[in-house]
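For reference, start14.cif is printed below; it contains mmCIF, N, CA and C atoms.
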data_target
loop_
_atom_site.label_atom_id
_atom_site.label_comp_id
_atom_site.auth_asym_id
_atom_site.auth_seq_id
_atom_site.Cartn_x
_atom_site.Cartn_y
_atom_site.Cartn_z
N TYR A 5 17.72 13.05 -47.34
CA TYR A 5 17.00 11.94 -46.77
C TYR A 5 17.38 10.65 -47.50
N PHE A 6 17.22 9.53 -46.80
CA PHE A 6 17.49 8.22 -47.37
C PHE A 6 16.20 7.41 -47.42
N LYS A 7 16.13 6.51 -48.39
CA LYS A 7 15.11 5.47 -48.39
C LYS A 7 15.83 4.19 -48.04
N ILE A 8 15.18 3.33 -47.27
CA ILE A 8 15.76 2.03 -46.94
C ILE A 8 14.92 0.99 -47.67
N ILE A 9 15.55 0.36 -48.66
CA ILE A 9 14.83 -0.53 -49.58
C ILE A 9 15.39 -1.95 -49.45
N ASN A 10 14.48 -2.92 -49.32
CA ASN A 10 14.88 -4.31 -49.26
C ASN A 10 15.42 -4.73 -50.63
N LYS A 11 16.63 -5.29 -50.62
CA LYS A 11 17.31 -5.66 -51.86
C LYS A 11 16.54 -6.71 -52.66
N LYS A 12 16.02 -7.71 -51.98
CA LYS A 12 15.36 -8.82 -52.69
C LYS A 12 14.00 -8.42 -53.28
N TYR A 13 13.18 -7.71 -52.49
CA TYR A 13 11.81 -7.45 -52.90
C TYR A 13 11.56 -6.02 -53.40
N GLY A 14 12.48 -5.10 -53.09
CA GLY A 14 12.32 -3.73 -53.55
C GLY A 14 11.33 -2.91 -52.75
N PHE A 15 10.92 -3.40 -51.57
CA PHE A 15 10.00 -2.65 -50.72
C PHE A 15 10.76 -1.72 -49.78
N CYS A 16 10.13 -0.62 -49.43
CA CYS A 16 10.73 0.38 -48.54
C CYS A 16 10.23 0.20 -47.11
N ILE A 17 11.08 0.57 -46.14
CA ILE A 17 10.61 0.64 -44.76
C ILE A 17 9.68 1.85 -44.65
N ASP A 18 8.51 1.62 -44.07
CA ASP A 18 7.45 2.63 -43.98
C ASP A 18 6.91 2.65 -42.56
N VAL A 19 6.34 3.78 -42.16
CA VAL A 19 5.74 3.94 -40.83
C VAL A 19 4.27 3.56 -40.92
N LYS A 20 3.85 2.58 -40.12
CA LYS A 20 2.47 2.07 -40.15
C LYS A 20 1.48 3.19 -39.85
N GLY A 21 0.52 3.37 -40.72
CA GLY A 21 -0.55 4.34 -40.51
C GLY A 21 -0.08 5.78 -40.55
N ASP A 22 1.12 6.01 -41.08
CA ASP A 22 1.67 7.37 -41.13
C ASP A 22 1.60 8.05 -39.77
N SER A 23 1.86 7.29 -38.72
CA SER A 23 1.69 7.75 -37.34
C SER A 23 2.92 8.49 -36.82
N TYR A 24 2.67 9.39 -35.88
CA TYR A 24 3.72 10.10 -35.14
C TYR A 24 3.84 9.57 -33.72
N ASN A 25 3.07 8.55 -33.36
CA ASN A 25 3.02 8.04 -31.99
C ASN A 25 4.24 7.19 -31.64
N ASP A 26 4.66 7.26 -30.37
CA ASP A 26 5.70 6.36 -29.87
C ASP A 26 5.20 4.93 -29.96
N GLY A 27 6.08 4.02 -30.33
CA GLY A 27 5.74 2.61 -30.37
C GLY A 27 5.08 2.15 -31.66
N VAL A 28 4.94 3.04 -32.63
CA VAL A 28 4.32 2.64 -33.90
C VAL A 28 5.23 1.65 -34.61
N ASN A 29 4.63 0.63 -35.22
CA ASN A 29 5.38 -0.40 -35.95
C ASN A 29 5.84 0.11 -37.31
N LEU A 30 6.90 -0.49 -37.78
CA LEU A 30 7.39 -0.25 -39.13
C LEU A 30 7.03 -1.46 -39.98
N TYR A 31 6.90 -1.26 -41.27
CA TYR A 31 6.59 -2.39 -42.15
C TYR A 31 7.17 -2.11 -43.53
N LEU A 32 7.15 -3.10 -44.40
CA LEU A 32 7.61 -2.94 -45.77
C LEU A 32 6.43 -2.59 -46.66
N ASN A 33 6.66 -1.64 -47.58
CA ASN A 33 5.59 -1.17 -48.45
C ASN A 33 6.18 -0.80 -49.80
N SER A 34 5.35 -0.78 -50.83
CA SER A 34 5.79 -0.33 -52.14
C SER A 34 6.29 1.11 -52.04
N ASP A 35 7.26 1.44 -52.86
CA ASP A 35 7.81 2.79 -52.88
C ASP A 35 6.74 3.76 -53.38
N ASN A 36 6.33 4.67 -52.51
CA ASN A 36 5.37 5.69 -52.92
C ASN A 36 5.91 7.10 -52.69
N SER A 37 7.19 7.18 -52.32
CA SER A 37 7.91 8.45 -52.15
C SER A 37 7.27 9.39 -51.13
N ASN A 38 6.52 8.84 -50.17
CA ASN A 38 5.94 9.73 -49.16
C ASN A 38 6.95 10.01 -48.05
N LEU A 39 6.62 10.97 -47.24
CA LEU A 39 7.49 11.41 -46.15
C LEU A 39 7.80 10.29 -45.16
N TYR A 40 6.89 9.33 -45.02
CA TYR A 40 7.02 8.25 -44.04
C TYR A 40 7.96 7.14 -44.50
N GLN A 41 8.51 7.28 -45.69
CA GLN A 41 9.51 6.34 -46.21
C GLN A 41 10.89 6.99 -46.32
N LYS A 42 11.04 8.17 -45.74
CA LYS A 42 12.31 8.90 -45.81
C LYS A 42 12.95 8.92 -44.42
N TRP A 43 14.27 8.70 -44.39
CA TRP A 43 14.99 8.51 -43.13
C TRP A 43 16.23 9.40 -43.07
N ILE A 44 16.54 9.83 -41.86
CA ILE A 44 17.75 10.59 -41.59
C ILE A 44 18.72 9.63 -40.90
N ILE A 45 19.94 9.54 -41.38
CA ILE A 45 20.92 8.63 -40.80
C ILE A 45 22.05 9.46 -40.20
N LEU A 46 22.27 9.30 -38.89
CA LEU A 46 23.28 10.05 -38.16
C LEU A 46 24.34 9.11 -37.62
N LYS A 47 25.61 9.47 -37.77
CA LYS A 47 26.71 8.66 -37.26
C LYS A 47 27.15 9.20 -35.91
N ASN A 48 27.40 8.30 -34.94
CA ASN A 48 27.92 8.73 -33.64
C ASN A 48 29.43 8.50 -33.59
N LEU A 49 30.03 8.79 -32.47
CA LEU A 49 31.49 8.68 -32.34
C LEU A 49 32.02 7.26 -32.43
N LYS A 50 31.17 6.26 -32.17
CA LYS A 50 31.60 4.86 -32.18
C LYS A 50 31.36 4.20 -33.54
N SER A 51 31.08 5.00 -34.56
CA SER A 51 30.78 4.50 -35.91
C SER A 51 29.51 3.67 -35.95
N HIS A 52 28.62 3.89 -35.02
CA HIS A 52 27.28 3.33 -35.08
C HIS A 52 26.36 4.41 -35.60
N PHE A 53 25.18 4.00 -36.01
CA PHE A 53 24.26 4.95 -36.63
C PHE A 53 22.92 4.96 -35.91
N LYS A 54 22.29 6.12 -35.93
CA LYS A 54 20.92 6.28 -35.46
C LYS A 54 20.11 6.58 -36.71
N ILE A 55 18.96 5.92 -36.85
CA ILE A 55 18.10 6.12 -38.01
C ILE A 55 16.81 6.78 -37.53
N LEU A 56 16.57 7.99 -38.03
CA LEU A 56 15.42 8.79 -37.59
C LEU A 56 14.41 8.93 -38.72
N ALA A 57 13.13 8.86 -38.36
CA ALA A 57 12.07 9.11 -39.33
C ALA A 57 12.05 10.59 -39.68
N SER A 58 12.06 10.90 -40.96
CA SER A 58 12.03 12.31 -41.35
C SER A 58 10.70 12.96 -40.98
N SER A 59 9.65 12.15 -40.87
CA SER A 59 8.32 12.68 -40.57
C SER A 59 8.17 13.12 -39.11
N SER A 60 8.81 12.41 -38.19
CA SER A 60 8.60 12.68 -36.76
C SER A 60 9.88 12.95 -35.97
N GLY A 61 11.03 12.60 -36.55
CA GLY A 61 12.29 12.73 -35.83
C GLY A 61 12.52 11.62 -34.82
N LYS A 62 11.64 10.61 -34.81
CA LYS A 62 11.78 9.50 -33.86
C LYS A 62 12.72 8.44 -34.44
N SER A 63 13.32 7.67 -33.54
CA SER A 63 14.37 6.73 -33.89
C SER A 63 13.82 5.32 -34.07
N ILE A 64 14.38 4.58 -35.05
CA ILE A 64 14.07 3.16 -35.17
C ILE A 64 14.68 2.46 -33.95
N GLU A 65 13.88 1.63 -33.29
CA GLU A 65 14.29 1.01 -32.04
C GLU A 65 13.89 -0.46 -32.00
N VAL A 66 14.74 -1.27 -31.37
CA VAL A 66 14.37 -2.63 -31.02
C VAL A 66 13.60 -2.50 -29.69
N PRO A 67 12.30 -2.82 -29.67
CA PRO A 67 11.53 -2.57 -28.46
C PRO A 67 11.99 -3.40 -27.27
N TYR A 68 12.01 -2.76 -26.11
CA TYR A 68 12.34 -3.41 -24.83
C TYR A 68 13.73 -4.05 -24.85
N SER A 69 14.61 -3.58 -25.75
CA SER A 69 15.95 -4.16 -25.90
C SER A 69 15.90 -5.68 -26.10
N SER A 70 14.90 -6.11 -26.83
CA SER A 70 14.65 -7.53 -27.06
C SER A 70 15.80 -8.22 -27.78
N PHE A 71 16.04 -9.48 -27.45
CA PHE A 71 17.01 -10.31 -28.15
C PHE A 71 16.31 -11.34 -29.04
N ASN A 72 15.00 -11.20 -29.23
CA ASN A 72 14.23 -12.16 -30.02
C ASN A 72 14.41 -11.93 -31.51
N GLU A 73 14.62 -13.02 -32.24
CA GLU A 73 14.62 -12.94 -33.70
C GLU A 73 13.22 -12.57 -34.16
N ASN A 74 13.13 -11.96 -35.31
CA ASN A 74 11.85 -11.57 -35.92
C ASN A 74 11.09 -10.52 -35.11
N GLU A 75 11.77 -9.83 -34.23
CA GLU A 75 11.12 -8.77 -33.46
C GLU A 75 10.73 -7.63 -34.41
N LYS A 76 9.56 -7.07 -34.21
CA LYS A 76 9.12 -5.94 -35.03
C LYS A 76 9.78 -4.67 -34.51
N MET A 77 10.28 -3.86 -35.43
CA MET A 77 10.90 -2.59 -35.07
C MET A 77 9.82 -1.54 -34.85
N ILE A 78 10.12 -0.57 -34.00
CA ILE A 78 9.19 0.51 -33.71
C ILE A 78 9.92 1.84 -33.82
N LEU A 79 9.15 2.92 -33.76
CA LEU A 79 9.72 4.25 -33.62
C LEU A 79 9.52 4.72 -32.20
N TYR A 80 10.53 5.41 -31.66
CA TYR A 80 10.45 5.90 -30.28
C TYR A 80 11.30 7.16 -30.15
N ILE A 81 11.03 7.92 -29.11
CA ILE A 81 11.78 9.14 -28.85
C ILE A 81 13.28 8.81 -28.83
N PRO A 82 14.10 9.56 -29.56
CA PRO A 82 15.54 9.29 -29.57
C PRO A 82 16.14 9.39 -28.17
N ASN A 83 17.02 8.44 -27.86
CA ASN A 83 17.74 8.45 -26.59
C ASN A 83 19.11 7.84 -26.85
N ASN A 84 19.88 7.64 -25.85
CA ASN A 84 21.25 7.14 -26.03
C ASN A 84 21.39 5.66 -25.70
N THR A 85 20.35 4.88 -25.94
CA THR A 85 20.41 3.45 -25.66
C THR A 85 20.88 2.68 -26.89
N LYS A 86 21.48 1.52 -26.64
CA LYS A 86 22.02 0.70 -27.73
C LYS A 86 20.93 0.10 -28.61
N ASN A 87 19.70 0.00 -28.10
CA ASN A 87 18.63 -0.56 -28.94
C ASN A 87 18.17 0.43 -30.02
N GLN A 88 18.82 1.62 -30.07
CA GLN A 88 18.58 2.56 -31.15
C GLN A 88 19.83 2.78 -32.00
N GLU A 89 20.86 1.97 -31.77
CA GLU A 89 22.10 2.09 -32.55
C GLU A 89 22.16 0.98 -33.59
N TRP A 90 22.66 1.33 -34.76
CA TRP A 90 22.71 0.39 -35.88
C TRP A 90 24.09 0.40 -36.51
N ILE A 91 24.46 -0.73 -37.09
CA ILE A 91 25.68 -0.83 -37.89
C ILE A 91 25.22 -0.98 -39.34
N LEU A 92 25.72 -0.13 -40.20
CA LEU A 92 25.37 -0.20 -41.62
C LEU A 92 26.48 -0.92 -42.36
N VAL A 93 26.11 -1.93 -43.12
CA VAL A 93 27.06 -2.72 -43.89
C VAL A 93 26.72 -2.54 -45.36
N TYR A 94 27.71 -2.16 -46.14
CA TYR A 94 27.46 -1.96 -47.57
C TYR A 94 28.68 -2.32 -48.36
#

Kindly return the structure encoded in the file as structure tokens.
Amino acid sequence: YFKIINKKYGFCIDVKGDSYNDGVNLYLNSDNSNLYQKWIILKNLKSHFKILASSSGKSIEVPYSSFNENEKMILYIPNNTKNQEWILVY
């Protein structure tokens, strides 16, 4: 499993309310090593990545395929849409 930690502040991406529901928001939280801060990262054939919550198997998604800056990310049932594909830069 991976943790996704903000470089500047040291906070981890966490699942709001430890929920398994579709559409639940993600937020930054102190590292508490719980299951809701652990992520599975899968690479597809196009060198894009899908990021799944280890707690529910749901994918991080840009809701409604939004193009808005500052859009809140959610978890949703994995599918083959581009709003669930990510490019990892390191």

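Closest approach to Pro82 in chain A from the set A:Ile64, A:Ile17, A:Phe53, A:Ser69 is made by A:Ile64, with distances taken over all atoms listed in the file.
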
query = DSSP says helix (DSSP H, G or I) for which residues of chain A? Put them as number ranges by chain?
reply = A: 20-22, 39-41, 67-69, 86-88

request  = Select, from A:Ser37, A:Asn48, A:Asn87, A:Ser23, the residue with the minimum atom-to-atom distance to Pro67 in chain A, counting only N, CA and C atoms.
outcome  =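 Result for the nearest residue to Pro67 in chain A: A:Asn87.
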
inquiry  = Which residues are close to Gly27 in chain A, i.e. within 7 Å by only N, CA and C atoms, leaving aside same-chain residues fewer than 4 positions away? Reply as a PyMOL selection string.
reply    = chain A and resi 77-81

task = Quick one: apply the PyMOL selection byres ((chain A and resi 90) around 6) to the file and drop the selected residues here as a PyMOL selection string.
result = chain A and resi 52-54+88-89+91-92

key: Filtered DSSP result for chain A, state strand (DSSP E), as a list in words   =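 So, restricting chain A to strand (DSSP E), we get Cys16, Ile17, Asp18, Val19, Leu30, Tyr31, Leu32, Asn33, Trp43, Ile44, Ile45, Leu46, Lys47, Phe53, Lys54, Ile55, Leu56, Ala57, Ser63, Ile64, Glu65, Ile78, Leu79 and Tyr80 of chain A.
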
inquiry  = I want to know what sits within 8 Å of Phe15 in chain A, based on all atoms listed in the file, with residues of the same chain fewer than 5 positions away left out; could you give that as a ChimeraX atom specification?
reply    = /A:7-10,31-35

message = Evaluated on this file, the PyMOL selection byres ((chain A and resi 59) around 8) picks out some residues - which ones are they, written as a PyMOL selection string?
response = chain A and resi 23-24+38-44+56-58+60-62

request  = Quick one: pull the distance between CA of Glu75 in chain A and CA of Lys47 in chain A, Å, one decimal.
outcome  =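 About the pair CA of Glu75 in chain A and CA of Lys47 in chain A: they are 23.7 Å apart.
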
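Distance-wise, CA of Ser63 in chain A and CA of Asn83 in chain A end up 8.2 Å apart.
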
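Atom pair CA of Thr85 in chain A / atom C of Val28 in chain A has a distance of 17.7 Å (rounded to one decimal).
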
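Restricting the calculation to only C-alpha atoms, the smallest distance between Tyr94 in chain A and any of A:Lys11, A:Lys50, A:Lys20, A:Lys76 is found for A:Lys11.
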
Atoms are missing here; could range 78-89 of chain A be completed with all heavy atoms and written as a JSON list (two decimals), in the coordinates of the input?
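Final output, part-v5.json:
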[["chain", "number", "residue", "atom", "x", "y", "z"],
["A", 78, "ILE", "N", 10.12, -0.57, -34.00],
["A", 78, "ILE", "CA", 9.19, 0.51, -33.71],
["A", 78, "ILE", "C", 9.92, 1.84, -33.82],
["A", 78, "ILE", "O", 11.13, 1.89, -33.95],
["A", 78, "ILE", "CB", 8.57, 0.38, -32.30],
["A", 78, "ILE", "CG1", 9.65, 0.49, -31.22],
["A", 78, "ILE", "CG2", 7.77, -0.91, -32.17],
["A", 78, "ILE", "CD1", 9.10, 0.64, -29.80],
["A", 79, "LEU", "N", 9.15, 2.92, -33.76],
["A", 79, "LEU", "CA", 9.72, 4.25, -33.62],
["A", 79, "LEU", "C", 9.52, 4.72, -32.20],
["A", 79, "LEU", "O", 8.47, 4.46, -31.59],
["A", 79, "LEU", "CB", 9.03, 5.25, -34.57],
["A", 79, "LEU", "CG", 9.33, 5.10, -36.04],
["A", 79, "LEU", "CD1", 8.61, 6.20, -36.83],
["A", 79, "LEU", "CD2", 10.83, 5.17, -36.32],
["A", 80, "TYR", "N", 10.53, 5.41, -31.66],
["A", 80, "TYR", "CA", 10.45, 5.90, -30.28],
["A", 80, "TYR", "C", 11.30, 7.16, -30.15],
["A", 80, "TYR", "O", 12.19, 7.40, -30.97],
["A", 80, "TYR", "CB", 10.94, 4.81, -29.31],
["A", 80, "TYR", "CG", 10.43, 5.00, -27.92],
["A", 80, "TYR", "CD1", 9.11, 4.69, -27.59],
["A", 80, "TYR", "CD2", 11.25, 5.51, -26.92],
["A", 80, "TYR", "CE1", 8.63, 4.88, -26.31],
["A", 80, "TYR", "CE2", 10.78, 5.70, -25.63],
["A", 80, "TYR", "CZ", 9.46, 5.39, -25.34],
["A", 80, "TYR", "OH", 8.98, 5.58, -24.07],
["A", 81, "ILE", "N", 11.03, 7.92, -29.11],
["A", 81, "ILE", "CA", 11.78, 9.14, -28.85],
["A", 81, "ILE", "C", 13.28, 8.81, -28.83],
["A", 81, "ILE", "O", 13.68, 7.87, -28.14],
["A", 81, "ILE", "CB", 11.37, 9.76, -27.50],
["A", 81, "ILE", "CG1", 9.91, 10.18, -27.53],
["A", 81, "ILE", "CG2", 12.26, 10.94, -27.14],
["A", 81, "ILE", "CD1", 9.36, 10.55, -26.17],
["A", 82, "PRO", "N", 14.10, 9.56, -29.56],
["A", 82, "PRO", "CA", 15.54, 9.29, -29.57],
["A", 82, "PRO", "C", 16.14, 9.39, -28.17],
["A", 82, "PRO", "O", 15.80, 10.28, -27.39],
["A", 82, "PRO", "CB", 16.11, 10.38, -30.48],
["A", 82, "PRO", "CG", 14.97, 10.79, -31.34],
["A", 82, "PRO", "CD", 13.75, 10.64, -30.48],
["A", 83, "ASN", "N", 17.02, 8.44, -27.86],
["A", 83, "ASN", "CA", 17.74, 8.45, -26.59],
["A", 83, "ASN", "C", 19.11, 7.84, -26.85],
["A", 83, "ASN", "O", 19.45, 7.55, -27.99],
["A", 83, "ASN", "CB", 16.95, 7.69, -25.51],
["A", 83, "ASN", "CG", 16.60, 6.29, -25.93],
["A", 83, "ASN", "OD1", 17.46, 5.51, -26.33],
["A", 83, "ASN", "ND2", 15.31, 5.95, -25.86],
["A", 84, "ASN", "N", 19.88, 7.64, -25.85],
["A", 84, "ASN", "CA", 21.25, 7.14, -26.03],
["A", 84, "ASN", "C", 21.39, 5.66, -25.70],
["A", 84, "ASN", "O", 22.44, 5.22, -25.23],
["A", 84, "ASN", "CB", 22.23, 7.98, -25.18],
["A", 84, "ASN", "CG", 22.36, 9.37, -25.71],
["A", 84, "ASN", "OD1", 22.37, 9.58, -26.92],
["A", 84, "ASN", "ND2", 22.43, 10.35, -24.83],
["A", 85, "THR", "N", 20.35, 4.88, -25.94],
["A", 85, "THR", "CA", 20.41, 3.45, -25.66],
["A", 85, "THR", "C", 20.88, 2.68, -26.89],
["A", 85, "THR", "O", 20.70, 3.11, -28.02],
["A", 85, "THR", "CB", 19.03, 2.92, -25.21],
["A", 85, "THR", "OG1", 18.07, 3.21, -26.23],
["A", 85, "THR", "CG2", 18.60, 3.58, -23.90],
["A", 86, "LYS", "N", 21.48, 1.52, -26.64],
["A", 86, "LYS", "CA", 22.02, 0.70, -27.73],
["A", 86, "LYS", "C", 20.93, 0.10, -28.61],
["A", 86, "LYS", "O", 21.21, -0.27, -29.75],
["A", 86, "LYS", "CB", 22.91, -0.39, -27.16],
["A", 86, "LYS", "CG", 24.19, 0.15, -26.54],
["A", 86, "LYS", "CD", 25.14, -0.97, -26.18],
["A", 86, "LYS", "CE", 26.36, -0.47, -25.46],
["A", 86, "LYS", "NZ", 27.22, 0.37, -26.23],
["A", 87, "ASN", "N", 19.70, 0.00, -28.10],
["A", 87, "ASN", "CA", 18.63, -0.56, -28.94],
["A", 87, "ASN", "C", 18.17, 0.43, -30.02],
["A", 87, "ASN", "O", 17.28, 0.13, -30.80],
["A", 87, "ASN", "CB", 17.46, -1.07, -28.10],
["A", 87, "ASN", "CG", 16.82, -0.01, -27.25],
["A", 87, "ASN", "OD1", 17.47, 0.91, -26.77],
["A", 87, "ASN", "ND2", 15.53, -0.14, -27.03],
["A", 88, "GLN", "N", 18.82, 1.62, -30.07],
["A", 88, "GLN", "CA", 18.58, 2.56, -31.15],
["A", 88, "GLN", "C", 19.83, 2.78, -32.00],
["A", 88, "GLN", "O", 19.88, 3.67, -32.83],
["A", 88, "GLN", "CB", 18.09, 3.91, -30.59],
["A", 88, "GLN", "CG", 16.73, 3.86, -30.01],
["A", 88, "GLN", "CD", 16.20, 5.23, -29.61],
["A", 88, "GLN", "OE1", 16.89, 6.23, -29.68],
["A", 88, "GLN", "NE2", 14.96, 5.26, -29.20],
["A", 89, "GLU", "N", 20.86, 1.97, -31.77],
["A", 89, "GLU", "CA", 22.10, 2.09, -32.55],
["A", 89, "GLU", "C", 22.16, 0.98, -33.59],
["A", 89, "GLU", "O", 21.80, -0.16, -33.32],
["A", 89, "GLU", "CB", 23.33, 1.98, -31.64],
["A", 89, "GLU", "CG", 23.53, 3.18, -30.74],
["A", 89, "GLU", "CD", 24.82, 3.10, -29.95],
["A", 89, "GLU", "OE1", 25.57, 2.12, -30.08],
["A", 89, "GLU", "OE2", 25.06, 4.04, -29.18]]
